[in-house]
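Asks: Pasting in a structure now, in structure tokens, and then I'll have a few things to ask.
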Amino acid sequence: MPPRSYHRRLLQRRDPRRLLAERLEDRRMLAVSFQFDYIRNNQIGFNDPTQGDGFRSALESAASRLGDQMQHEATIQMDVYSFEFTGSAVAHAASESQPSLPEGGFLANVISNKIINGIDSNGTAADGVLEIFFFDENDEFVYATDPANGVTGNQLDLQSIVIHELVHAIGFTSATNGNGSDDAGAG
């Protein structure tokens, strides 16, 4: 008896409009995963002895949610730093830019090259860096680590901030000027 695949091909040949069902086991699920190296240069944020686990869990959950949306297969390695909030930005992320022309708010970099082309252009070095600035008891704000529990009053959603910054690390820019140009010089 011919194999099942033979029968599927035969049925499709008779009626090319017929869609073939795939078994889930036959499909390869694509996703980008993130591995974080928490640089332990202080006792703040991700390294905090009492709250660090919750902050790390929020970071990893946000990265997983973002990575699951990408139809590519790659593992992105990032160095993660915790700093004290100094009154300006709450986070920053970056990856070394590759020689390319900026096009429409996207800058090719080590991370995008790894995701899109499967090329690890920096070898064993971290693909990018993520810096989060943490509030202390004297600051006006605190981080909410699980958006499912709601974000209220003086809370900032840490997972949303992380996703925003990881998208920058992938190469997307976000500053659009009044004349339509962006911070990558396009427009």
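Every chain in the structure tokens has a letter given in the order shown (A, B, ...), and although residue numbers restart at 1 in each chain, ligands are simply numbered from 1 in the order shown.
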Excluding Asp37 (chain A) and any residue of its chain fewer than 5 positions from it, enumerate the residues within 12 Å of it, using only C-alpha atoms, and give them as JSON, numbers by chain.
Replies: {"A": [46, 47, 56, 59, 60, 76, 77, 78, 79, 80, 81, 82, 125, 126, 127, 128, 129, 130, 131]}
Asks: How would the residues just picked look written out with N, CA, C and O atoms as a short mmCIF file (atom, residue, chain, number, x, y, z; two decimals), in the first residue's frame?
Replies:
data_model
loop_
_atom_site.label_atom_id
_atom_site.label_comp_id
_atom_site.auth_asym_id
_atom_site.auth_seq_id
_atom_site.Cartn_x
_atom_site.Cartn_y
_atom_site.Cartn_z
N PHE A 46 17.30 43.71 39.09
CA PHE A 46 17.37 42.27 38.82
C PHE A 46 18.26 41.56 39.84
O PHE A 46 18.14 40.36 40.03
N ASN A 47 19.15 42.29 40.46
CA ASN A 47 20.07 41.73 41.44
C ASN A 47 19.63 41.96 42.88
O ASN A 47 20.32 41.57 43.81
N ARG A 56 13.23 39.65 37.27
CA ARG A 56 13.76 38.74 36.24
C ARG A 56 12.61 37.97 35.57
O ARG A 56 12.60 37.79 34.36
N LEU A 59 10.92 40.25 33.08
CA LEU A 59 11.76 40.42 31.89
C LEU A 59 11.66 39.19 30.98
O LEU A 59 11.43 39.30 29.78
N GLU A 60 11.79 38.02 31.57
CA GLU A 60 11.78 36.79 30.78
C GLU A 60 10.40 36.53 30.17
O GLU A 60 10.30 36.04 29.04
N ILE A 76 18.88 34.91 20.98
CA ILE A 76 19.54 36.20 21.17
C ILE A 76 20.10 36.25 22.59
O ILE A 76 19.38 36.02 23.56
N GLN A 77 21.38 36.55 22.69
CA GLN A 77 22.03 36.64 23.99
C GLN A 77 22.22 38.11 24.35
O GLN A 77 22.78 38.87 23.55
N MET A 78 21.73 38.47 25.54
CA MET A 78 21.82 39.87 25.94
C MET A 78 22.40 40.00 27.34
O MET A 78 22.07 39.22 28.23
N ASP A 79 23.27 40.99 27.50
CA ASP A 79 23.75 41.37 28.83
C ASP A 79 22.72 42.33 29.42
O ASP A 79 22.27 43.26 28.73
N VAL A 80 22.34 42.10 30.66
CA VAL A 80 21.31 42.92 31.32
C VAL A 80 21.93 43.61 32.52
O VAL A 80 22.55 42.97 33.38
N TYR A 81 21.72 44.92 32.58
CA TYR A 81 22.26 45.73 33.67
C TYR A 81 21.13 46.39 34.44
O TYR A 81 20.13 46.82 33.86
N SER A 82 21.30 46.49 35.74
CA SER A 82 20.38 47.21 36.62
C SER A 82 21.10 48.46 37.12
O SER A 82 22.22 48.37 37.61
N ALA A 125 30.34 36.90 21.73
CA ALA A 125 29.97 38.10 22.49
C ALA A 125 28.46 38.23 22.57
O ALA A 125 27.73 37.69 21.73
N ALA A 126 27.98 38.94 23.57
CA ALA A 126 26.54 39.18 23.69
C ALA A 126 26.05 39.91 22.45
O ALA A 126 26.75 40.75 21.88
N ASP A 127 24.84 39.56 22.01
CA ASP A 127 24.27 40.18 20.81
C ASP A 127 23.78 41.60 21.08
O ASP A 127 23.66 42.39 20.16
N GLY A 128 23.45 41.88 22.33
CA GLY A 128 22.95 43.20 22.67
C GLY A 128 23.02 43.44 24.15
O GLY A 128 23.43 42.58 24.93
N VAL A 129 22.59 44.63 24.53
CA VAL A 129 22.59 45.03 25.93
C VAL A 129 21.24 45.64 26.28
O VAL A 129 20.63 46.32 25.45
N LEU A 130 20.77 45.34 27.47
CA LEU A 130 19.53 45.92 28.00
C LEU A 130 19.85 46.53 29.35
O LEU A 130 20.44 45.87 30.21
N GLU A 131 19.49 47.79 29.52
CA GLU A 131 19.70 48.50 30.78
C GLU A 131 18.35 48.95 31.30
O GLU A 131 17.59 49.60 30.58
#
Asks: Rounded to one decimal place, report the CA of Glu165 (chain A)-CA of Phe134 (chain A) distance in Å.
Replies: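 Going from CA of Glu165 (chain A) over to CA of Phe134 (chain A), I get 14.9 Å.
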Asks: CA of Asp139 (chain A) and CA of Ser64 (chain A) are how many Å apart?
Replies: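 Rounded to one decimal, the two atoms are 29.2 Å apart.
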Asks: Please identify every residue of region 40-103 of chain A that has at least one atom no farther than 7 Å from an atom of region 143-154 of chain A, counting only C-alpha atoms, and for each give the shortest atom pair and the distance in Å to one decimal, arranged by chain then increasing number, as CSV.
Replies:
residue,atom,partner,partner_atom,distance
A:Gly54,CA,A:Thr145,CA,6.8
A:Phe55,CA,A:Thr145,CA,6.4
A:Ala58,CA,A:Thr145,CA,5.3
Asks: If I take CA of Gly45 (chain A) and CA of Ser61 (chain A), how far is one from the other in Å, to one decimal?
Replies: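 If I compute the distance from CA of Gly45 (chain A) to CA of Ser61 (chain A), I get 16.0 Å.
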Asks: At a cut-off of 12 Å, using only C-alpha atoms, what residues contact Leu66 (chain A)? Leave out same-chain residues fewer than 6 positions from it and give the result as a list in words.
Replies: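 The contact residues come out as Ala31, Val32, Ser33, Phe34, Leu59, Glu60, His72, Gln159, Ser160, Ile161, Val162, Ile163, His164, Glu165, Leu166, Val167 and Ile170 of chain A.
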Asks: Determine, counting only C-alpha atoms, which protein, DNA and RNA residues have an atom within 12 Å of an atom of Asn117 (chain A); residues of the same chain fewer than 5 positions away are not included. Present the result as a PyMOL selection string.
Replies: chain A and resi 72-74+108-112
Asks: Would you write out those residues with C-alpha atoms, as a compact mmCIF listing (two decimals), in the first residue's frame?
Replies:
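For reference, out34.txt as written:
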# COMPACT_ATOMS: atom_id res chain seq x y z
CA HIS A 72 12.21 33.01 12.66
CA GLU A 73 14.44 30.78 14.71
CA ALA A 74 17.26 32.41 16.66
CA ALA A 108 20.44 46.56 10.66
CA ASN A 109 22.42 45.28 13.62
CA VAL A 110 23.85 42.13 15.17
CA ILE A 111 20.46 40.99 16.49
CA SER A 112 18.48 41.63 13.30
Asks: Using DSSP on the backbone coordinates, identify all residues within region 44-175 of chain A classified as strand (DSSP E or B); present the result as a PDB file with N, CA, C and O atoms, in the first residue's frame.
Replies:
ATOM      1  N   ALA A  74      15.979  31.850  16.228  1.00  0.00           N
ATOM      2  CA  ALA A  74      17.256  32.409  16.663  1.00  0.00           C
ATOM      3  C   ALA A  74      17.257  32.491  18.178  1.00  0.00           C
ATOM      4  O   ALA A  74      16.205  32.599  18.802  1.00  0.00           O
ATOM      5  N   THR A  75      18.442  32.439  18.739  1.00  0.00           N
ATOM      6  CA  THR A  75      18.609  32.674  20.171  1.00  0.00           C
ATOM      7  C   THR A  75      19.457  33.923  20.326  1.00  0.00           C
ATOM      8  O   THR A  75      20.584  33.985  19.844  1.00  0.00           O
ATOM      9  N   ILE A  76      18.885  34.912  20.984  1.00  0.00           N
ATOM     10  CA  ILE A  76      19.536  36.203  21.174  1.00  0.00           C
ATOM     11  C   ILE A  76      20.097  36.252  22.592  1.00  0.00           C
ATOM     12  O   ILE A  76      19.377  36.022  23.555  1.00  0.00           O
ATOM     13  N   GLN A  77      21.378  36.546  22.694  1.00  0.00           N
ATOM     14  CA  GLN A  77      22.034  36.640  23.994  1.00  0.00           C
ATOM     15  C   GLN A  77      22.216  38.108  24.346  1.00  0.00           C
ATOM     16  O   GLN A  77      22.775  38.872  23.554  1.00  0.00           O
ATOM     17  N   MET A  78      21.729  38.470  25.538  1.00  0.00           N
ATOM     18  CA  MET A  78      21.817  39.866  25.942  1.00  0.00           C
ATOM     19  C   MET A  78      22.405  39.997  27.339  1.00  0.00           C
ATOM     20  O   MET A  78      22.071  39.225  28.232  1.00  0.00           O
ATOM     21  N   ASP A  79      23.269  40.990  27.503  1.00  0.00           N
ATOM     22  CA  ASP A  79      23.748  41.374  28.826  1.00  0.00           C
ATOM     23  C   ASP A  79      22.719  42.332  29.416  1.00  0.00           C
ATOM     24  O   ASP A  79      22.272  43.255  28.735  1.00  0.00           O
ATOM     25  N   VAL A  80      22.336  42.103  30.662  1.00  0.00           N
ATOM     26  CA  VAL A  80      21.309  42.917  31.318  1.00  0.00           C
ATOM     27  C   VAL A  80      21.927  43.615  32.522  1.00  0.00           C
ATOM     28  O   VAL A  80      22.546  42.971  33.378  1.00  0.00           O
ATOM     29  N   TYR A  81      21.722  44.918  32.580  1.00  0.00           N
ATOM     30  CA  TYR A  81      22.263  45.734  33.670  1.00  0.00           C
ATOM     31  C   TYR A  81      21.129  46.388  34.444  1.00  0.00           C
ATOM     32  O   TYR A  81      20.133  46.820  33.861  1.00  0.00           O
ATOM     33  N   SER A  82      21.305  46.491  35.736  1.00  0.00           N
ATOM     34  CA  SER A  82      20.384  47.212  36.618  1.00  0.00           C
ATOM     35  C   SER A  82      21.096  48.456  37.119  1.00  0.00           C
ATOM     36  O   SER A  82      22.222  48.367  37.613  1.00  0.00           O
ATOM     37  N   PHE A  83      20.438  49.598  37.000  1.00  0.00           N
ATOM     38  CA  PHE A  83      21.000  50.853  37.482  1.00  0.00           C
ATOM     39  C   PHE A  83      19.954  51.593  38.306  1.00  0.00           C
ATOM     40  O   PHE A  83      18.757  51.354  38.162  1.00  0.00           O
ATOM     41  N   GLU A  84      20.415  52.531  39.121  1.00  0.00           N
ATOM     42  CA  GLU A  84      19.497  53.409  39.844  1.00  0.00           C
ATOM     43  C   GLU A  84      18.913  54.422  38.873  1.00  0.00           C
ATOM     44  O   GLU A  84      19.617  54.944  38.005  1.00  0.00           O
ATOM     45  N   ALA A  91      14.825  53.030  30.686  1.00  0.00           N
ATOM     46  CA  ALA A  91      15.430  51.857  30.064  1.00  0.00           C
ATOM     47  C   ALA A  91      16.147  52.242  28.783  1.00  0.00           C
ATOM     48  O   ALA A  91      15.893  53.286  28.190  1.00  0.00           O
ATOM     49  N   HIS A  92      17.024  51.342  28.366  1.00  0.00           N
ATOM     50  CA  HIS A  92      17.762  51.513  27.119  1.00  0.00           C
ATOM     51  C   HIS A  92      18.182  50.130  26.633  1.00  0.00           C
ATOM     52  O   HIS A  92      18.554  49.281  27.426  1.00  0.00           O
ATOM     53  N   ALA A  93      18.125  49.916  25.335  1.00  0.00           N
ATOM     54  CA  ALA A  93      18.612  48.661  24.752  1.00  0.00           C
ATOM     55  C   ALA A  93      19.283  48.967  23.429  1.00  0.00           C
ATOM     56  O   ALA A  93      18.918  49.913  22.734  1.00  0.00           O
ATOM     57  N   ALA A  94      20.282  48.161  23.091  1.00  0.00           N
ATOM     58  CA  ALA A  94      21.010  48.391  21.849  1.00  0.00           C
ATOM     59  C   ALA A  94      21.704  47.117  21.401  1.00  0.00           C
ATOM     60  O   ALA A  94      21.886  46.183  22.166  1.00  0.00           O
ATOM     61  N   SER A  97      25.430  48.169  15.552  1.00  0.00           N
ATOM     62  CA  SER A  97      24.916  48.368  14.191  1.00  0.00           C
ATOM     63  C   SER A  97      25.866  47.780  13.163  1.00  0.00           C
ATOM     64  O   SER A  97      27.075  47.795  13.342  1.00  0.00           O
ATOM     65  N   GLU A 103      16.824  52.512   6.630  1.00  0.00           N
ATOM     66  CA  GLU A 103      15.656  52.547   5.757  1.00  0.00           C
ATOM     67  C   GLU A 103      14.395  52.517   6.596  1.00  0.00           C
ATOM     68  O   GLU A 103      14.127  51.534   7.271  1.00  0.00           O
ATOM     69  N   PHE A 106      14.483  51.493  10.478  1.00  0.00           N
ATOM     70  CA  PHE A 106      15.067  50.209  10.856  1.00  0.00           C
ATOM     71  C   PHE A 106      16.557  50.266  10.608  1.00  0.00           C
ATOM     72  O   PHE A 106      17.005  50.654   9.527  1.00  0.00           O
ATOM     73  N   ASN A 109      21.450  45.433  12.545  1.00  0.00           N
ATOM     74  CA  ASN A 109      22.417  45.280  13.618  1.00  0.00           C
ATOM     75  C   ASN A 109      22.692  43.804  13.862  1.00  0.00           C
ATOM     76  O   ASN A 109      22.188  42.934  13.139  1.00  0.00           O
ATOM     77  N   GLY A 128      23.452  41.884  22.326  1.00  0.00           N
ATOM     78  CA  GLY A 128      22.945  43.203  22.666  1.00  0.00           C
ATOM     79  C   GLY A 128      23.019  43.444  24.150  1.00  0.00           C
ATOM     80  O   GLY A 128      23.434  42.582  24.926  1.00  0.00           O
ATOM     81  N   VAL A 129      22.589  44.630  24.526  1.00  0.00           N
ATOM     82  CA  VAL A 129      22.593  45.030  25.933  1.00  0.00           C
ATOM     83  C   VAL A 129      21.238  45.637  26.275  1.00  0.00           C
ATOM     84  O   VAL A 129      20.625  46.315  25.449  1.00  0.00           O
ATOM     85  N   LEU A 130      20.768  45.340  27.474  1.00  0.00           N
ATOM     86  CA  LEU A 130      19.531  45.916  27.996  1.00  0.00           C
ATOM     87  C   LEU A 130      19.852  46.528  29.348  1.00  0.00           C
ATOM     88  O   LEU A 130      20.436  45.869  30.211  1.00  0.00           O
ATOM     89  N   GLU A 131      19.485  47.786  29.516  1.00  0.00           N
ATOM     90  CA  GLU A 131      19.699  48.495  30.781  1.00  0.00           C
ATOM     91  C   GLU A 131      18.347  48.953  31.296  1.00  0.00           C
ATOM     92  O   GLU A 131      17.594  49.597  30.575  1.00  0.00           O
ATOM     93  N   ILE A 132      18.046  48.602  32.535  1.00  0.00           N
ATOM     94  CA  ILE A 132      16.815  49.053  33.178  1.00  0.00           C
ATOM     95  C   ILE A 132      17.212  49.881  34.395  1.00  0.00           C
ATOM     96  O   ILE A 132      18.076  49.487  35.179  1.00  0.00           O
ATOM     97  N   PHE A 133      16.567  51.030  34.539  1.00  0.00           N
ATOM     98  CA  PHE A 133      16.843  51.924  35.656  1.00  0.00           C
ATOM     99  C   PHE A 133      15.729  51.749  36.687  1.00  0.00           C
ATOM    100  O   PHE A 133      14.553  51.949  36.384  1.00  0.00           O
ATOM    101  N   PHE A 134      16.116  51.368  37.887  1.00  0.00           N
ATOM    102  CA  PHE A 134      15.151  51.020  38.927  1.00  0.00           C
ATOM    103  C   PHE A 134      14.967  52.158  39.928  1.00  0.00           C
ATOM    104  O   PHE A 134      15.908  52.861  40.281  1.00  0.00           O
ATOM    105  N   VAL A 142       7.002  53.092  40.772  1.00  0.00           N
ATOM    106  CA  VAL A 142       7.425  51.708  41.018  1.00  0.00           C
ATOM    107  C   VAL A 142       7.058  50.908  39.772  1.00  0.00           C
ATOM    108  O   VAL A 142       6.211  51.321  38.980  1.00  0.00           O
ATOM    109  N   TYR A 143       7.686  49.745  39.602  1.00  0.00           N
ATOM    110  CA  TYR A 143       7.361  48.885  38.472  1.00  0.00           C
ATOM    111  C   TYR A 143       6.290  47.874  38.843  1.00  0.00           C
ATOM    112  O   TYR A 143       6.361  47.248  39.906  1.00  0.00           O
ATOM    113  N   ALA A 144       5.316  47.713  37.974  1.00  0.00           N
ATOM    114  CA  ALA A 144       4.364  46.606  38.061  1.00  0.00           C
ATOM    115  C   ALA A 144       4.979  45.481  37.235  1.00  0.00           C
ATOM    116  O   ALA A 144       5.330  45.692  36.076  1.00  0.00           O
ATOM    117  N   GLN A 155       2.432  53.272  39.072  1.00  0.00           N
ATOM    118  CA  GLN A 155       3.140  52.111  38.546  1.00  0.00           C
ATOM    119  C   GLN A 155       3.423  52.247  37.052  1.00  0.00           C
ATOM    120  O   GLN A 155       2.629  52.815  36.313  1.00  0.00           O
ATOM    121  N   LEU A 156       4.555  51.695  36.642  1.00  0.00           N
ATOM    122  CA  LEU A 156       4.902  51.578  35.229  1.00  0.00           C
ATOM    123  C   LEU A 156       4.975  50.084  34.907  1.00  0.00           C
ATOM    124  O   LEU A 156       5.521  49.305  35.681  1.00  0.00           O
ATOM    125  N   ASP A 157       4.426  49.691  33.765  1.00  0.00           N
ATOM    126  CA  ASP A 157       4.400  48.287  33.357  1.00  0.00           C
ATOM    127  C   ASP A 157       5.783  47.873  32.864  1.00  0.00           C
ATOM    128  O   ASP A 157       6.187  48.216  31.756  1.00  0.00           O
ATOM    129  N   PHE A 172      14.517  48.356  15.318  1.00  0.00           N
ATOM    130  CA  PHE A 172      13.472  49.328  15.008  1.00  0.00           C
ATOM    131  C   PHE A 172      13.707  50.615  15.782  1.00  0.00           C
ATOM    132  O   PHE A 172      13.999  50.595  16.971  1.00  0.00           O
TER     133      PHE A 172
END
